[in-house]
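Enquirer: This is the structure, below, for whatever I ask next.
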Amino acid sequence: MENTEAENDVQQSNDNNTFDITLSSTHSYLGNNLEELRGRTLLDEGIYMNLPLLIKQSVVLFPGQTLPLTVFDRQTIEMLQQCINKNRIFGVVCRGYDNLISIGTTAEIYEYIEGSPMEGFRIKAKGRQRFKILHITQGYGKYSANVKIVPEINLGLPLWEARNRSLDNLRQQSIIREKIERYDSISTQWPSWLIKRYNINKLTEKIHMNLDFIEKKGSHIPNDPIELSFWVGQNLPLVDNKRIALLNYDCAIPRLQKELNYLIKDRCFVCNKCNLFIGKQSDMFPMNREGPQGTYCNLGGFLYETVTLYKAQGLILSGNEPSSEYSWFPGYAWTIVTCQQCQNHMGWLFTAENNNLRPKSFWGLTRRGLRSKRIGTKETDYEESFDRSDSDTDYGGF
């Protein structure tokens, strides 16, 4: 079954959403009786400590990102239980195609429940702070590492110390602020356009302008530059190498510069295996308050970073009836979709079970199944992507 009829439904409903996007951000499919853990642990920047590690194939966690987990193996369950009894903090590290990445993010557990052996140990955690691995140890099926909590460097505004202080009372007026900044640059060897590239406020404004179409749909986009840089990294459907590079930056300015470069280009998505055109980046929209791309967990414990799109093509629906079991979006049933050309698992088509629910249908496509490229070029964003690995995957169901 091809996607023509489903695509028409999506196009007719993209301007009058009635779905409450806060529902999917609660990950209610994990259950409604999870025990809530109150408080927040903030580690001192620059400290050295030992962290228990959760190592996942092709999972790059950013600060602020929600991580839902269903765990079945005893060693990992014991590690998470020890974390809950201690400070609720563990480290999340991406395993690449042939190596372990040295940068990771701490995750703090805020809800959990220990279900039956068939249900698994379920938690919700939130990404907090970046760390770098200094030394890793393994024993009895568990990993831990000596790490350094990486400080976030704030460079401030360029030329701030060299500014004309007599004009400070005028800098709050947006009408003449640009002229004053150009005046400041005259006394230096740097042109004003270059200085703007390192102005964190200018970068933040441009990012918000390029994400206006998403923000109007109800997604919460941070105003703080550091939080924004992590939010964009979390929601851009980039391959592992690109995401790890963003996580490695110790300052929000180069992070925002790179992200802005990805946003302002006219980009599209193609199949990760055969390069078949799937859809445009501009067709992304949020079905989760945290953004157009979210991390979700299925019944088998497999994690999927899933981007939601109004329109897509080149996809084939499975012959199975839509199922609402363990649906990430309450009120929607899912159907597995594959690439029309190479049969690569691409994600799911979600269809509304209630006639009053909008959109009537939409596509939830996995980041691992997609690749980003500029429209009209052969350039792609994979560069020896770890996403081409077939390990740690299942058959695409929930």
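We label chains A, B, ... in the order they appear in the structure tokens, count residues from 1 in each chain, and number ligands from 1 in the order shown.
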Contacts between range 278-286 of chain A and range 328-365 of chain A, please, where a residue of range 328-365 of chain A counts if it comes within 12 Å (with only C-alpha atoms); show its shortest atom pair and distance in Å to one decimal, rows by chain and ascending number, as JSON lines.
Expert:
```
{"residue": "A:Phe329", "atom": "CA", "partner": "A:Pro286", "partner_atom": "CA", "distance": 11.6}
{"residue": "A:Val337", "atom": "CA", "partner": "A:Ile278", "partner_atom": "CA", "distance": 11.8}
{"residue": "A:Thr338", "atom": "CA", "partner": "A:Ile278", "partner_atom": "CA", "distance": 10.9}
{"residue": "A:Cys339", "atom": "CA", "partner": "A:Ile278", "partner_atom": "CA", "distance": 8.6}
{"residue": "A:Gln340", "atom": "CA", "partner": "A:Ile278", "partner_atom": "CA", "distance": 9.8}
{"residue": "A:Gln341", "atom": "CA", "partner": "A:Ile278", "partner_atom": "CA", "distance": 10.9}
{"residue": "A:Met346", "atom": "CA", "partner": "A:Ile278", "partner_atom": "CA", "distance": 9.6}
{"residue": "A:Gly347", "atom": "CA", "partner": "A:Ile278", "partner_atom": "CA", "distance": 11.7}
{"residue": "A:Pro359", "atom": "CA", "partner": "A:Phe285", "partner_atom": "CA", "distance": 10.9}
{"residue": "A:Phe362", "atom": "CA", "partner": "A:Phe285", "partner_atom": "CA", "distance": 9.6}
{"residue": "A:Trp363", "atom": "CA", "partner": "A:Met284", "partner_atom": "CA", "distance": 9.5}
{"residue": "A:Gly364", "atom": "CA", "partner": "A:Met284", "partner_atom": "CA", "distance": 10.0}
{"residue": "A:Leu365", "atom": "CA", "partner": "A:Ile278", "partner_atom": "CA", "distance": 9.8}
```
Enquirer: With a distance cut-off of 6 Å and only C-alpha atoms, select the neighbouring residues of Lys360 in chain A, excluding the residue or stretch itself and same-chain residues fewer than 2 positions from it, and output the selection as a ChimeraX atom specification.
Expert: /A:351-352,358
Enquirer: Taking 4 positions as the minimum chain separation for residues in the same chain, which residues sit within 7 Å of range 23-31 of chain A when counting only C-alpha atoms? Answer as a VMD selection string.
Expert: chain A and resid 122 288 to 290 326 to 329
Enquirer: Print the selection's residues with all heavy atoms to a file, as a CSV table (one decimal), in the first residue's frame.
Expert:
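part_36.csv was written with the following content:
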```csv
chain,number,residue,atom,x,y,z
A,122,ARG,N,11.0,0.5,34.2
A,122,ARG,CA,10.7,1.7,33.3
A,122,ARG,C,11.1,2.9,34.1
A,122,ARG,O,10.8,3.1,35.2
A,122,ARG,CB,9.3,1.7,32.9
A,122,ARG,CG,8.9,0.6,31.9
A,122,ARG,CD,7.4,0.4,31.8
A,122,ARG,NE,6.9,-0.3,32.9
A,122,ARG,CZ,5.6,-0.4,33.3
A,122,ARG,NH1,4.7,0.3,32.6
A,122,ARG,NH2,5.2,-1.1,34.3
A,288,ASN,N,5.1,16.9,19.9
A,288,ASN,CA,5.6,16.9,21.2
A,288,ASN,C,6.0,18.3,21.6
A,288,ASN,O,6.6,19.0,20.8
A,288,ASN,CB,6.8,15.9,21.3
A,288,ASN,CG,7.3,15.6,22.7
A,288,ASN,OD1,7.4,16.5,23.5
A,288,ASN,ND2,7.7,14.4,22.9
A,289,ARG,N,5.6,18.7,22.8
A,289,ARG,CA,6.0,20.1,23.2
A,289,ARG,C,7.5,20.3,23.2
A,289,ARG,O,7.9,21.5,23.1
A,289,ARG,CB,5.4,20.3,24.6
A,289,ARG,CG,5.7,21.7,25.2
A,289,ARG,CD,4.8,22.1,26.3
A,289,ARG,NE,5.2,23.4,26.9
A,289,ARG,CZ,5.0,24.6,26.4
A,289,ARG,NH1,4.4,24.7,25.3
A,289,ARG,NH2,5.4,25.6,27.1
A,290,GLU,N,8.3,19.3,23.4
A,290,GLU,CA,9.7,19.4,23.4
A,290,GLU,C,10.3,19.6,22.0
A,290,GLU,O,11.5,20.0,21.9
A,290,GLU,CB,10.4,18.3,24.1
A,290,GLU,CG,10.0,18.1,25.6
A,290,GLU,CD,10.6,17.0,26.3
A,290,GLU,OE1,11.4,16.2,25.6
A,290,GLU,OE2,10.4,16.8,27.5
A,326,TYR,N,0.6,0.7,22.9
A,326,TYR,CA,1.8,1.4,23.3
A,326,TYR,C,2.1,2.6,22.4
A,326,TYR,O,3.3,2.9,22.1
A,326,TYR,CB,3.0,0.4,23.2
A,326,TYR,CG,4.0,0.5,24.3
A,326,TYR,CD1,3.7,0.1,25.6
A,326,TYR,CD2,5.3,1.0,24.1
A,326,TYR,CE1,4.6,0.2,26.6
A,326,TYR,CE2,6.2,1.1,25.1
A,326,TYR,CZ,5.9,0.7,26.4
A,326,TYR,OH,6.8,0.8,27.4
A,327,SER,N,1.0,3.2,21.9
A,327,SER,CA,1.2,4.4,21.0
A,327,SER,C,1.9,5.5,21.8
A,327,SER,O,1.5,5.9,22.9
A,327,SER,CB,-0.1,4.8,20.4
A,327,SER,OG,0.0,5.9,19.6
A,328,TRP,N,2.8,6.2,21.1
A,328,TRP,CA,3.5,7.3,21.7
A,328,TRP,C,2.6,8.6,21.7
A,328,TRP,O,2.9,9.5,22.5
A,328,TRP,CB,4.8,7.6,21.0
A,328,TRP,CG,5.8,6.4,21.0
A,328,TRP,CD1,5.9,5.5,21.9
A,328,TRP,CD2,6.7,6.1,19.9
A,328,TRP,NE1,6.9,4.6,21.6
A,328,TRP,CE2,7.4,4.9,20.4
A,328,TRP,CE3,7.0,6.7,18.7
A,328,TRP,CZ2,8.4,4.4,19.6
A,328,TRP,CZ3,8.0,6.1,18.0
A,328,TRP,CH2,8.7,5.0,18.4
A,329,PHE,N,1.6,8.6,20.9
A,329,PHE,CA,0.8,9.7,20.7
A,329,PHE,C,-0.7,9.3,21.0
A,329,PHE,O,-1.3,8.7,20.2
A,329,PHE,CB,0.9,10.3,19.3
A,329,PHE,CG,2.3,10.6,18.9
A,329,PHE,CD1,3.0,9.7,18.1
A,329,PHE,CD2,2.9,11.8,19.3
A,329,PHE,CE1,4.3,10.0,17.8
A,329,PHE,CE2,4.2,12.1,18.9
A,329,PHE,CZ,4.9,11.2,18.2
```
Enquirer: Identify all residues of range 174-377 of chain A in helix (DSSP H, G or I) (DSSP on the backbone) and supply them as a ChimeraX atom specification.
Expert: /A:174-186,192-196,200-210,212-215,225-235,240-248,252-264,281-283,367-369
Enquirer: With C-alpha atoms retained, write the just-selected residues as a short mmCIF file (atom, residue, chain, number, x, y, z; two decimals), in the first residue's frame.
Expert:
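Wrote selection-v3.cif, looks like this:
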```cif
data_model
loop_
_atom_site.label_atom_id
_atom_site.label_comp_id
_atom_site.auth_asym_id
_atom_site.auth_seq_id
_atom_site.Cartn_x
_atom_site.Cartn_y
_atom_site.Cartn_z
CA SER A 174 16.71 48.38 19.31
CA ILE A 175 16.30 51.11 16.67
CA ILE A 176 19.85 52.41 17.00
CA ARG A 177 21.57 49.37 18.53
CA GLU A 178 22.80 48.20 15.11
CA LYS A 179 24.39 51.58 14.39
CA ILE A 180 26.15 51.60 17.76
CA GLU A 181 27.54 48.10 17.19
CA ARG A 182 28.86 49.15 13.78
CA TYR A 183 30.43 52.16 15.44
CA ASP A 184 32.14 49.85 17.97
CA SER A 185 33.59 47.75 15.15
CA ILE A 186 35.21 50.78 13.46
CA SER A 192 30.90 44.22 11.59
CA TRP A 193 29.51 41.19 9.71
CA LEU A 194 32.18 38.98 11.27
CA ILE A 195 31.53 40.36 14.74
CA LYS A 196 27.83 39.53 14.33
CA ILE A 200 25.30 35.21 20.85
CA ASN A 201 22.18 37.40 20.92
CA LYS A 202 22.21 37.78 17.12
CA LEU A 203 22.63 34.03 16.69
CA THR A 204 19.74 33.38 19.06
CA GLU A 205 17.49 35.78 17.16
CA LYS A 206 18.31 34.15 13.81
CA ILE A 207 17.68 30.66 15.18
CA HIS A 208 14.26 31.75 16.45
CA MET A 209 13.44 33.35 13.09
CA ASN A 210 14.23 30.11 11.27
CA ASP A 212 9.20 30.39 13.75
CA PHE A 213 7.13 27.86 11.77
CA ILE A 214 7.66 25.30 14.55
CA GLU A 215 7.12 27.70 17.45
CA PRO A 225 21.24 30.75 24.25
CA ILE A 226 22.81 27.73 25.97
CA GLU A 227 19.51 25.91 26.39
CA LEU A 228 18.58 26.85 22.81
CA SER A 229 21.81 25.39 21.43
CA PHE A 230 21.06 22.07 23.11
CA TRP A 231 17.38 22.16 22.06
CA VAL A 232 18.27 22.64 18.40
CA GLY A 233 20.89 19.89 18.56
CA GLN A 234 18.28 17.59 20.08
CA ASN A 235 15.63 18.36 17.43
CA ASP A 240 25.54 10.76 14.92
CA ASN A 241 28.79 12.41 13.82
CA LYS A 242 27.12 15.81 13.54
CA ARG A 243 25.34 15.50 16.89
CA ILE A 244 28.50 14.38 18.67
CA ALA A 245 30.39 17.32 17.17
CA LEU A 246 27.74 19.71 18.56
CA LEU A 247 27.95 18.05 21.98
CA ASN A 248 31.74 18.42 21.99
CA ALA A 252 27.09 27.84 22.81
CA ILE A 253 28.42 30.22 20.13
CA PRO A 254 30.05 27.66 17.79
CA ARG A 255 27.16 25.30 18.52
CA LEU A 256 24.62 27.88 17.38
CA GLN A 257 26.73 28.80 14.36
CA LYS A 258 26.75 25.19 13.14
CA GLU A 259 23.05 24.74 13.84
CA LEU A 260 22.13 27.93 12.02
CA ASN A 261 24.05 26.64 9.03
CA TYR A 262 21.88 23.51 9.01
CA LEU A 263 18.66 25.52 9.41
CA ILE A 264 19.07 28.19 6.75
CA GLN A 281 12.99 19.61 6.42
CA SER A 282 10.43 22.43 6.25
CA ASP A 283 7.65 19.82 6.61
CA ARG A 367 16.40 9.64 12.65
CA ARG A 368 18.35 6.45 12.00
CA GLY A 369 16.37 5.82 8.81
#
```
Enquirer: Can you list every residue in range 221-337 of chain A that DSSP puts in strand (DSSP E), as a PyMOL selection string?
Expert: chain A and resi 267-271+277-280+293-297+303-309+315-317+332-337
Enquirer: I need the chosen residues saved as a PDB file, in the first residue's frame, with N, CA and C atoms.
Expert:
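The resulting file, part-v5.pdb, is reproduced below:
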```
ATOM      1  N   ARG A 267      16.899  22.148   2.869  1.00  0.00           N
ATOM      2  CA  ARG A 267      17.322  20.770   3.030  1.00  0.00           C
ATOM      3  C   ARG A 267      16.141  19.816   2.892  1.00  0.00           C
ATOM      4  N   CYS A 268      16.482  18.574   2.577  1.00  0.00           N
ATOM      5  CA  CYS A 268      15.466  17.538   2.475  1.00  0.00           C
ATOM      6  C   CYS A 268      15.976  16.275   3.155  1.00  0.00           C
ATOM      7  N   PHE A 269      15.077  15.297   3.311  1.00  0.00           N
ATOM      8  CA  PHE A 269      15.422  14.014   3.891  1.00  0.00           C
ATOM      9  C   PHE A 269      15.376  12.940   2.815  1.00  0.00           C
ATOM     10  N   VAL A 270      16.364  12.069   2.855  1.00  0.00           N
ATOM     11  CA  VAL A 270      16.390  10.920   1.951  1.00  0.00           C
ATOM     12  C   VAL A 270      16.571   9.661   2.780  1.00  0.00           C
ATOM     13  N   CYS A 271      16.290   8.515   2.175  1.00  0.00           N
ATOM     14  CA  CYS A 271      16.498   7.239   2.856  1.00  0.00           C
ATOM     15  C   CYS A 271      17.985   7.073   3.158  1.00  0.00           C
ATOM     16  N   PHE A 277      14.291  10.133  -2.146  1.00  0.00           N
ATOM     17  CA  PHE A 277      13.710  11.335  -1.535  1.00  0.00           C
ATOM     18  C   PHE A 277      12.503  10.957  -0.679  1.00  0.00           C
ATOM     19  N   ILE A 278      12.477  11.485   0.555  1.00  0.00           N
ATOM     20  CA  ILE A 278      11.386  11.191   1.487  1.00  0.00           C
ATOM     21  C   ILE A 278      10.555  12.433   1.798  1.00  0.00           C
ATOM     22  N   GLY A 279      11.188  13.549   2.085  1.00  0.00           N
ATOM     23  CA  GLY A 279      10.446  14.762   2.418  1.00  0.00           C
ATOM     24  C   GLY A 279      11.378  15.939   2.650  1.00  0.00           C
ATOM     25  N   LYS A 280      10.794  17.099   2.944  1.00  0.00           N
ATOM     26  CA  LYS A 280      11.557  18.317   3.166  1.00  0.00           C
ATOM     27  C   LYS A 280      11.683  18.604   4.669  1.00  0.00           C
ATOM     28  N   GLN A 293      11.286  16.521  17.064  1.00  0.00           N
ATOM     29  CA  GLN A 293      11.937  15.217  17.181  1.00  0.00           C
ATOM     30  C   GLN A 293      11.991  14.822  18.651  1.00  0.00           C
ATOM     31  N   GLY A 294      11.536  13.615  18.942  1.00  0.00           N
ATOM     32  CA  GLY A 294      11.533  13.142  20.315  1.00  0.00           C
ATOM     33  C   GLY A 294      12.110  11.746  20.403  1.00  0.00           C
ATOM     34  N   THR A 295      12.529  11.365  21.615  1.00  0.00           N
ATOM     35  CA  THR A 295      13.040  10.024  21.865  1.00  0.00           C
ATOM     36  C   THR A 295      11.950   9.207  22.532  1.00  0.00           C
ATOM     37  N   TYR A 296      11.641   8.053  21.946  1.00  0.00           N
ATOM     38  CA  TYR A 296      10.566   7.200  22.452  1.00  0.00           C
ATOM     39  C   TYR A 296      11.072   5.767  22.575  1.00  0.00           C
ATOM     40  N   CYS A 297      10.388   5.012  23.414  1.00  0.00           N
ATOM     41  CA  CYS A 297      10.788   3.641  23.710  1.00  0.00           C
ATOM     42  C   CYS A 297       9.642   2.693  23.369  1.00  0.00           C
ATOM     43  N   LEU A 303      15.035   2.145  21.631  1.00  0.00           N
ATOM     44  CA  LEU A 303      14.859   3.590  21.565  1.00  0.00           C
ATOM     45  C   LEU A 303      14.812   4.061  20.117  1.00  0.00           C
ATOM     46  N   TYR A 304      13.894   4.987  19.850  1.00  0.00           N
ATOM     47  CA  TYR A 304      13.790   5.582  18.518  1.00  0.00           C
ATOM     48  C   TYR A 304      13.710   7.099  18.657  1.00  0.00           C
ATOM     49  N   GLU A 305      14.671   7.786  18.039  1.00  0.00           N
ATOM     50  CA  GLU A 305      14.569   9.237  17.915  1.00  0.00           C
ATOM     51  C   GLU A 305      13.740   9.498  16.659  1.00  0.00           C
ATOM     52  N   THR A 306      12.560  10.046  16.863  1.00  0.00           N
ATOM     53  CA  THR A 306      11.553  10.109  15.810  1.00  0.00           C
ATOM     54  C   THR A 306      11.172  11.544  15.494  1.00  0.00           C
ATOM     55  N   VAL A 307      11.257  11.902  14.215  1.00  0.00           N
ATOM     56  CA  VAL A 307      10.868  13.233  13.762  1.00  0.00           C
ATOM     57  C   VAL A 307       9.492  13.133  13.116  1.00  0.00           C
ATOM     58  N   THR A 308       8.637  14.113  13.396  1.00  0.00           N
ATOM     59  CA  THR A 308       7.276  14.098  12.857  1.00  0.00           C
ATOM     60  C   THR A 308       7.165  15.071  11.688  1.00  0.00           C
ATOM     61  N   LEU A 309       6.555  14.593  10.594  1.00  0.00           N
ATOM     62  CA  LEU A 309       6.394  15.374   9.376  1.00  0.00           C
ATOM     63  C   LEU A 309       4.939  15.331   8.916  1.00  0.00           C
ATOM     64  N   LEU A 315       7.264   6.004   0.581  1.00  0.00           N
ATOM     65  CA  LEU A 315       7.088   5.077   1.693  1.00  0.00           C
ATOM     66  C   LEU A 315       5.968   4.093   1.392  1.00  0.00           C
ATOM     67  N   ILE A 316       6.086   2.894   1.935  1.00  0.00           N
ATOM     68  CA  ILE A 316       5.075   1.859   1.770  1.00  0.00           C
ATOM     69  C   ILE A 316       4.577   1.441   3.137  1.00  0.00           C
ATOM     70  N   LEU A 317       3.252   1.359   3.285  1.00  0.00           N
ATOM     71  CA  LEU A 317       2.656   0.907   4.542  1.00  0.00           C
ATOM     72  C   LEU A 317       2.627  -0.613   4.579  1.00  0.00           C
ATOM     73  N   TYR A 332      -3.830   8.061  18.640  1.00  0.00           N
ATOM     74  CA  TYR A 332      -3.363   7.699  17.310  1.00  0.00           C
ATOM     75  C   TYR A 332      -2.935   6.237  17.266  1.00  0.00           C
ATOM     76  N   ALA A 333      -3.234   5.592  16.156  1.00  0.00           N
ATOM     77  CA  ALA A 333      -2.789   4.223  15.908  1.00  0.00           C
ATOM     78  C   ALA A 333      -1.642   4.255  14.901  1.00  0.00           C
ATOM     79  N   TRP A 334      -0.735   3.308  15.012  1.00  0.00           N
ATOM     80  CA  TRP A 334       0.461   3.317  14.178  1.00  0.00           C
ATOM     81  C   TRP A 334       0.486   2.153  13.199  1.00  0.00           C
ATOM     82  N   THR A 335       1.124   2.406  12.065  1.00  0.00           N
ATOM     83  CA  THR A 335       1.354   1.392  11.044  1.00  0.00           C
ATOM     84  C   THR A 335       2.806   1.505  10.593  1.00  0.00           C
ATOM     85  N   ILE A 336       3.519   0.406  10.542  1.00  0.00           N
ATOM     86  CA  ILE A 336       4.922   0.410  10.141  1.00  0.00           C
ATOM     87  C   ILE A 336       5.046   0.831   8.676  1.00  0.00           C
ATOM     88  N   VAL A 337       6.049   1.671   8.387  1.00  0.00           N
ATOM     89  CA  VAL A 337       6.314   2.073   7.005  1.00  0.00           C
ATOM     90  C   VAL A 337       7.760   1.762   6.655  1.00  0.00           C
TER      91      VAL A 337
END
```
Enquirer: Please provide the set of residues having any atom within 10 Å of Ala107 in chain A, restricted to only C-alpha atoms, with same-chain residues fewer than 6 positions apart removed, written as a VMD selection string.
Expert: chain A and resid 53 to 54 61 to 67 88 to 92 124 to 130
Enquirer: Here is a test: counting only C-alpha atoms, which residue of A:Ser187, A:Val147, A:Ser116, A:Thr41 is nearest to Asn164 in chain A?
Expert: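 Checking each of A:Ser187, A:Val147, A:Ser116, A:Thr41 against Asn164 in chain A, counting only C-alpha atoms, the winner is A:Ser187.
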Enquirer: Using Å and a single decimal, report how far CA of Leu159 in chain A sits from CA of Arg171 in chain A.
Expert: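 Atom-to-atom, CA of Arg171 in chain A and CA of Leu159 in chain A are spaced 13.5 Å apart.
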Enquirer: Which one is closest to Gly141 in chain A: A:Ser361, A:Gln57, A:Asn344, A:Thr76? Count only C-alpha atoms.
Expert: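 Of the candidates, the smallest distance to Gly141 in chain A is held by A:Thr76.
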Enquirer: Taking into account only C-alpha atoms, which residue in the set A:Gly156, A:Ile136, A:Tyr112, A:Val71 is nearest to Cys251 in chain A?
Expert: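 The closest residue to Cys251 in chain A is A:Gly156.
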Enquirer: When distances are computed from only C-alpha atoms, which of A:Ile55, A:Gln172, A:Lys142, A:Glu78 shows the smallest separation from Gly96 in chain A?
Expert: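 With only C-alpha atoms as the atom set, the closest residue is A:Ile55.
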Enquirer: Between A:Leu349, A:Leu157, A:Ile123, A:Leu236, which one has atoms that come closest to Leu34 in chain A, using only C-alpha atoms?
Expert: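 Smallest separation from Leu34 in chain A among the options: A:Ile123.
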